[in-house]
Amino acid sequence: MSLFDKLFEKTARGAAQKGSRRGFIRGLGAALVGAGSIPLLPVARAADGGQKLPQDNRLPQDSEAGDPASCDYWRYCAVDGFLCECCGGTYNTCPPGTEMSPITWIGTCRNPVDGRNYVISYNDCCGTTQCGSCLCQRDEGDRPLYRADKSNDVNWCLGANSSVYHCSTAIVVGLAFEQ
Amino acid sequence: MKSLRSALRLGACSVLASSVLLSSLALAAAKQEQKAATRPDLPPLPIEETGAIRSLPKNMPESWMYVDEAAFFSMFGGKVIVLDVMEERPAKRIKAIADKNLLGNFKAAQKRDEFYIMESFHARGSRGPREDVLAIYDKTTFKILKEIVWKDATRLTALPERYSMGLSKDERFLYVANFSPAASFSVVDLDKREVVDVIGTPGCVLTYPTGERSVTSLCSNGGLLTTVLDKNGKKSAQHRIKPFFDTDKTPIFERPAIIDGMAYFPGFAGKMHTIDLRGDVAKFVETWDLITPEERKTNWRPGGLGLNDKDEQGLMYMIAHENGADGTQTHGGSHVWVIDVKNKKRLRKLALPGWGISIAVTRGKEPKLVVTNGDLNLDIIDPKDGKLIQTISDFGNVTPLLVHKAY
């Protein structure tokens, strides 16, 4: 079975268990037109727009459930890439020897434990060629390149010293607004 | 202990048997060799020249395609493969290969004997300063005619797109999308072989050729931006076209089929959006339904990476799937819809032999479908009846995500 078949199987399973999307970041990207040549910084804006949470990089806590090495893990709802959890890093840290891209795309994922929607920043880890393990493509809320803040088709290592993509993290950067 | 001895005895017997077998095989091979060498009456082989390199014909046959092998598993393994998709002999399908580094972008000219690869390199593999380079290739020799180095390393690096580069109608100018993430495009004068302008397109991406000398980009507010160039390829004016879709609620694919100057952009949920690109400035024309009320009940919708293409008769071919949902838009589908876009009518629904991720259509009056399937091989299909002609694998493919016509 090819990796893409596995990928689609995982996608189908993920879709079956996902909850409804009740929240979203209002107006993200709406201000892009007319923004001149100011670079788009979705993560920075997401953090500003969402309710900030205390930073905590511990392994999954009581308020989270699931396996961060599985494509079904709740934070990966909009991911498309290799999971850093399988590449020597974790869901929110990069593997040794790589560099985290400071700019990236975001998704809004529902944590099944507390029922809240969170803004997830999928910062790429860069500087070493593709990890090649745990390819995961979920794409929920993904948009084409015209909504760069929500587009996982872009190589976001463009913001790092090296444009070479290695793997993707999934970092909670805020609570999403409720609709 | 006894059992160990038995095992050793058995092992010795096996070794002996193997030696006898090998000796017999070697003897047989030697005899055959002796037989083959017993034709001294034949004239000796002619002496051959070294250094010969083949080239491709100026007009490529209709069944030849450029395969964009994105190499999603290695940033350094990207390539463009010229493949005869109707060739039955596997060894004769590959015609030529060009490198395409770091998710490089590709465009083939139709009138000029050239193709273009926009790629990036770090000085020392994955590290060191980055350089973005446009390589202008001779399509017959596959030799680079000219390399143009970007002043700033800003070119778009993303999954393959048909319109990450565009050509003006007369093919004098090449438009190359940049994304840093500030969006812009570079205009390359292909006669002078130099960049003549870099034009900012705030909030708008990609390069859809428009009219004689204009470029349209798709914007984050659901509208369009058309940049009009002067005769030297420099910016003359920019026009914003008001939003015609909601990028959050009713998103569209950024991958239109452009047929006779009309761009047909499918929406995620199955509405088609027609844009007129024939004049100097793009015009929104209309939105129409691709899906019947019955199909909508089971969430039929378009999907895939390179999800559509056109034939030379003006028909559009698009991959579709049932039970669509948020997130399935890039995952491909089980069917291909054949659409007469001029009459806003779907002509046929073809069931694919497997799953389809991307689609392309060969040139000519008897077009064939080239579908990147779920195993990341290519299914060649007759669109008249949906019959599988052949599946092409083992051509150096890992992730052949987009296929283009060759001219």
# chains A, B, ... in the order shown; residues from 1 in each chain; ligands from 1
>>> select_by_dssp(residues="segment 208-377 of chain B", states="alpha helix (DSSP H)", output="list of chain:residue names")
B:Pro293, B:Glu294, B:Glu295, B:Arg296, B:Lys297
>>> interface_residues(of="chain B", to="chain A", cutoff="7 Å", atoms="only C-alpha atoms", output="mmCIF file with N, CA and C atoms, in the first residue's frame")
data_model
loop_
_atom_site.group_PDB
_atom_site.id
_atom_site.type_symbol
_atom_site.label_atom_id
_atom_site.label_comp_id
_atom_site.auth_asym_id
_atom_site.auth_seq_id
_atom_site.Cartn_x
_atom_site.Cartn_y
_atom_site.Cartn_z
ATOM 1 N N PHE B 73 9.459 13.748 -1.106
ATOM 2 C CA PHE B 73 10.238 13.081 -0.062
ATOM 3 C C PHE B 73 11.703 13.499 -0.060
ATOM 4 N N SER B 74 12.087 14.365 -0.977
ATOM 5 C CA SER B 74 13.446 14.906 -0.961
ATOM 6 C C SER B 74 13.448 16.229 -1.707
ATOM 7 N N MET B 75 13.858 17.279 -1.021
ATOM 8 C CA MET B 75 13.839 18.599 -1.653
ATOM 9 C C MET B 75 14.832 18.675 -2.817
ATOM 10 N N SER B 126 21.778 21.847 1.885
ATOM 11 C CA SER B 126 20.642 22.379 2.633
ATOM 12 C C SER B 126 21.009 23.626 3.422
ATOM 13 N N ARG B 127 22.212 24.116 3.281
ATOM 14 C CA ARG B 127 22.633 25.301 4.032
ATOM 15 C C ARG B 127 23.444 26.259 3.150
ATOM 16 N N THR B 157 7.782 28.987 -3.534
ATOM 17 C CA THR B 157 8.059 27.551 -3.380
ATOM 18 C C THR B 157 6.814 26.927 -2.761
ATOM 19 N N ALA B 158 6.177 26.063 -3.536
ATOM 20 C CA ALA B 158 4.908 25.458 -3.113
ATOM 21 C C ALA B 158 4.700 24.192 -3.926
ATOM 22 N N LEU B 159 3.624 23.472 -3.643
ATOM 23 C CA LEU B 159 3.292 22.318 -4.464
ATOM 24 C C LEU B 159 3.046 22.800 -5.896
ATOM 25 N N SER B 180 7.114 35.885 -0.480
ATOM 26 C CA SER B 180 8.246 35.920 0.464
ATOM 27 C C SER B 180 7.933 36.023 1.965
ATOM 28 N N PRO B 181 6.709 36.149 2.444
ATOM 29 C CA PRO B 181 5.398 35.971 1.849
ATOM 30 C C PRO B 181 4.764 37.215 1.233
ATOM 31 N N ALA B 182 5.478 38.315 1.044
ATOM 32 C CA ALA B 182 4.909 39.404 0.250
ATOM 33 C C ALA B 182 4.794 38.901 -1.192
ATOM 34 N N PRO B 202 -0.045 43.031 -3.750
ATOM 35 C CA PRO B 202 -0.364 42.829 -2.332
ATOM 36 C C PRO B 202 -1.614 41.978 -2.120
ATOM 37 N N GLY B 203 -1.442 40.892 -1.399
ATOM 38 C CA GLY B 203 -2.569 40.024 -1.075
ATOM 39 C C GLY B 203 -3.063 39.175 -2.227
ATOM 40 N N CYS B 204 -2.360 39.171 -3.355
ATOM 41 C CA CYS B 204 -2.841 38.443 -4.546
ATOM 42 C C CYS B 204 -1.707 37.593 -5.114
ATOM 43 N N VAL B 205 -2.024 36.376 -5.533
ATOM 44 C CA VAL B 205 -0.978 35.435 -5.942
ATOM 45 C C VAL B 205 -1.236 34.845 -7.317
ATOM 46 N N LEU B 218 -5.050 36.098 -8.077
ATOM 47 C CA LEU B 218 -6.216 35.789 -7.249
ATOM 48 C C LEU B 218 -5.940 36.294 -5.829
ATOM 49 N N CYS B 219 -6.937 36.983 -5.243
ATOM 50 C CA CYS B 219 -6.673 37.729 -4.006
ATOM 51 C C CYS B 219 -7.335 37.124 -2.766
ATOM 52 N N SER B 220 -6.780 37.506 -1.621
ATOM 53 C CA SER B 220 -7.251 36.961 -0.343
ATOM 54 C C SER B 220 -8.634 37.463 0.041
ATOM 55 N N ASN B 221 -9.136 38.501 -0.620
ATOM 56 C CA ASN B 221 -10.495 38.989 -0.310
ATOM 57 C C ASN B 221 -11.534 38.373 -1.250
ATOM 58 N N PHE B 253 -10.976 26.681 -5.925
ATOM 59 C CA PHE B 253 -9.629 26.206 -6.229
ATOM 60 C C PHE B 253 -8.913 27.299 -7.011
ATOM 61 N N GLU B 254 -7.609 27.417 -6.787
ATOM 62 C CA GLU B 254 -6.815 28.410 -7.518
ATOM 63 C C GLU B 254 -6.377 27.849 -8.867
ATOM 64 N N ASP B 326 -15.106 19.335 4.525
ATOM 65 C CA ASP B 326 -13.994 20.228 4.738
ATOM 66 C C ASP B 326 -12.723 19.391 4.935
ATOM 67 N N GLY B 327 -11.726 19.582 4.116
ATOM 68 C CA GLY B 327 -10.492 18.801 4.220
ATOM 69 C C GLY B 327 -10.303 17.818 3.084
ATOM 70 N N GLY B 374 -3.728 6.724 -6.923
ATOM 71 C CA GLY B 374 -3.439 6.652 -5.486
ATOM 72 C C GLY B 374 -2.126 5.980 -5.153
ATOM 73 N N ASP B 375 -1.596 5.197 -6.097
ATOM 74 C CA ASP B 375 -0.276 4.585 -5.887
ATOM 75 C C ASP B 375 0.836 5.468 -6.428
#
>>> atom_distance(atom1="atom CA of Arg75 of chain A", atom2="atom CA of Leu401 of chain B")
26.4 Å
>>> residues_around(residues="Asn178 of chain B", least_positions_apart="6", cutoff="9 Å", atoms="only C-alpha atoms", output="PyMOL selection string")
chain B and resi 153-157+164+184-186+205-206
>>> residues_around(residues="Thr399 of chain B", least_positions_apart="4", cutoff="9 Å", atoms="only C-alpha atoms", output="number ranges by chain")
B: 68-73, 372, 376-377
>>> write_last_selection(atoms="N, CA and C atoms", output="PDB file, in the first residue's frame")
ATOM      1  N   ASP B  68       5.726  16.624 -13.905  1.00  0.00           N
ATOM      2  CA  ASP B  68       6.373  17.375 -12.823  1.00  0.00           C
ATOM      3  C   ASP B  68       6.501  16.448 -11.619  1.00  0.00           C
ATOM      4  N   GLU B  69       7.688  15.895 -11.450  1.00  0.00           N
ATOM      5  CA  GLU B  69       7.959  15.014 -10.308  1.00  0.00           C
ATOM      6  C   GLU B  69       8.424  15.916  -9.168  1.00  0.00           C
ATOM      7  N   ALA B  70       7.505  16.181  -8.235  1.00  0.00           N
ATOM      8  CA  ALA B  70       7.778  17.173  -7.199  1.00  0.00           C
ATOM      9  C   ALA B  70       8.800  16.692  -6.172  1.00  0.00           C
ATOM     10  N   ALA B  71       8.990  15.374  -6.065  1.00  0.00           N
ATOM     11  CA  ALA B  71       9.918  14.801  -5.075  1.00  0.00           C
ATOM     12  C   ALA B  71       9.578  15.289  -3.676  1.00  0.00           C
ATOM     13  N   PHE B  72       8.367  14.983  -3.250  1.00  0.00           N
ATOM     14  CA  PHE B  72       7.929  15.458  -1.934  1.00  0.00           C
ATOM     15  C   PHE B  72       8.731  14.815  -0.805  1.00  0.00           C
ATOM     16  N   PHE B  73       9.459  13.748  -1.106  1.00  0.00           N
ATOM     17  CA  PHE B  73      10.238  13.081  -0.062  1.00  0.00           C
ATOM     18  C   PHE B  73      11.703  13.499  -0.060  1.00  0.00           C
ATOM     19  N   THR B 372      -2.793  10.795 -12.308  1.00  0.00           N
ATOM     20  CA  THR B 372      -1.903  10.351 -11.223  1.00  0.00           C
ATOM     21  C   THR B 372      -2.775   9.622 -10.210  1.00  0.00           C
ATOM     22  N   LEU B 376       0.458   6.644  -6.906  1.00  0.00           N
ATOM     23  CA  LEU B 376       1.397   7.611  -7.480  1.00  0.00           C
ATOM     24  C   LEU B 376       2.070   7.083  -8.743  1.00  0.00           C
ATOM     25  N   ASN B 377       1.307   6.296  -9.498  1.00  0.00           N
ATOM     26  CA  ASN B 377       1.655   5.924 -10.870  1.00  0.00           C
ATOM     27  C   ASN B 377       0.683   6.650 -11.795  1.00  0.00           C
TER      28      ASN B 377
END
>>> atom_distance(atom1="atom CA of Leu347 of chain B", atom2="atom CA of Ser63 of chain B")
23.5 Å
>>> select_by_dssp(residues="segment 11-189 of chain B", states="strand (DSSP E)", output="PyMOL selection string")
chain B and resi 64-69+79-84+94-99+105-108+114-124+127-138+144-149+165-167+173-179+183-189
>>> residues_around(residues="Met118 of chain B", least_positions_apart="2", cutoff="6 Å", atoms="only C-alpha atoms", output="MDAnalysis selection string")
chainID B and resid 104:105 133:134
>>> write_last_selection(atoms="C-alpha atoms", output="compact mmCIF listing (two decimals), in the first residue's frame")
# COMPACT_ATOMS: atom_id res chain seq x y z
CA GLY B 104 10.96 24.17 -8.55
CA ASN B 105 8.24 25.57 -10.82
CA VAL B 133 17.51 30.84 -10.61
CA LEU B 134 15.37 30.79 -13.73
>>> residues_around(residues="Asn308 of chain B", least_positions_apart="2", cutoff="6 Å", atoms="only C-alpha atoms", output="PyMOL selection string")
chain B and resi 306+317-318+359
>>> residues_around(residues="Tyr91 of chain A", least_positions_apart="2", cutoff="7 Å", atoms="only C-alpha atoms", output="VMD selection string")
chain A and resid 68 84 to 85 93 169 to 170
>>> atom_distance(atom1="atom CA of Ile275 of chain B", atom2="atom CA of Ala237 of chain B")
19.5 Å
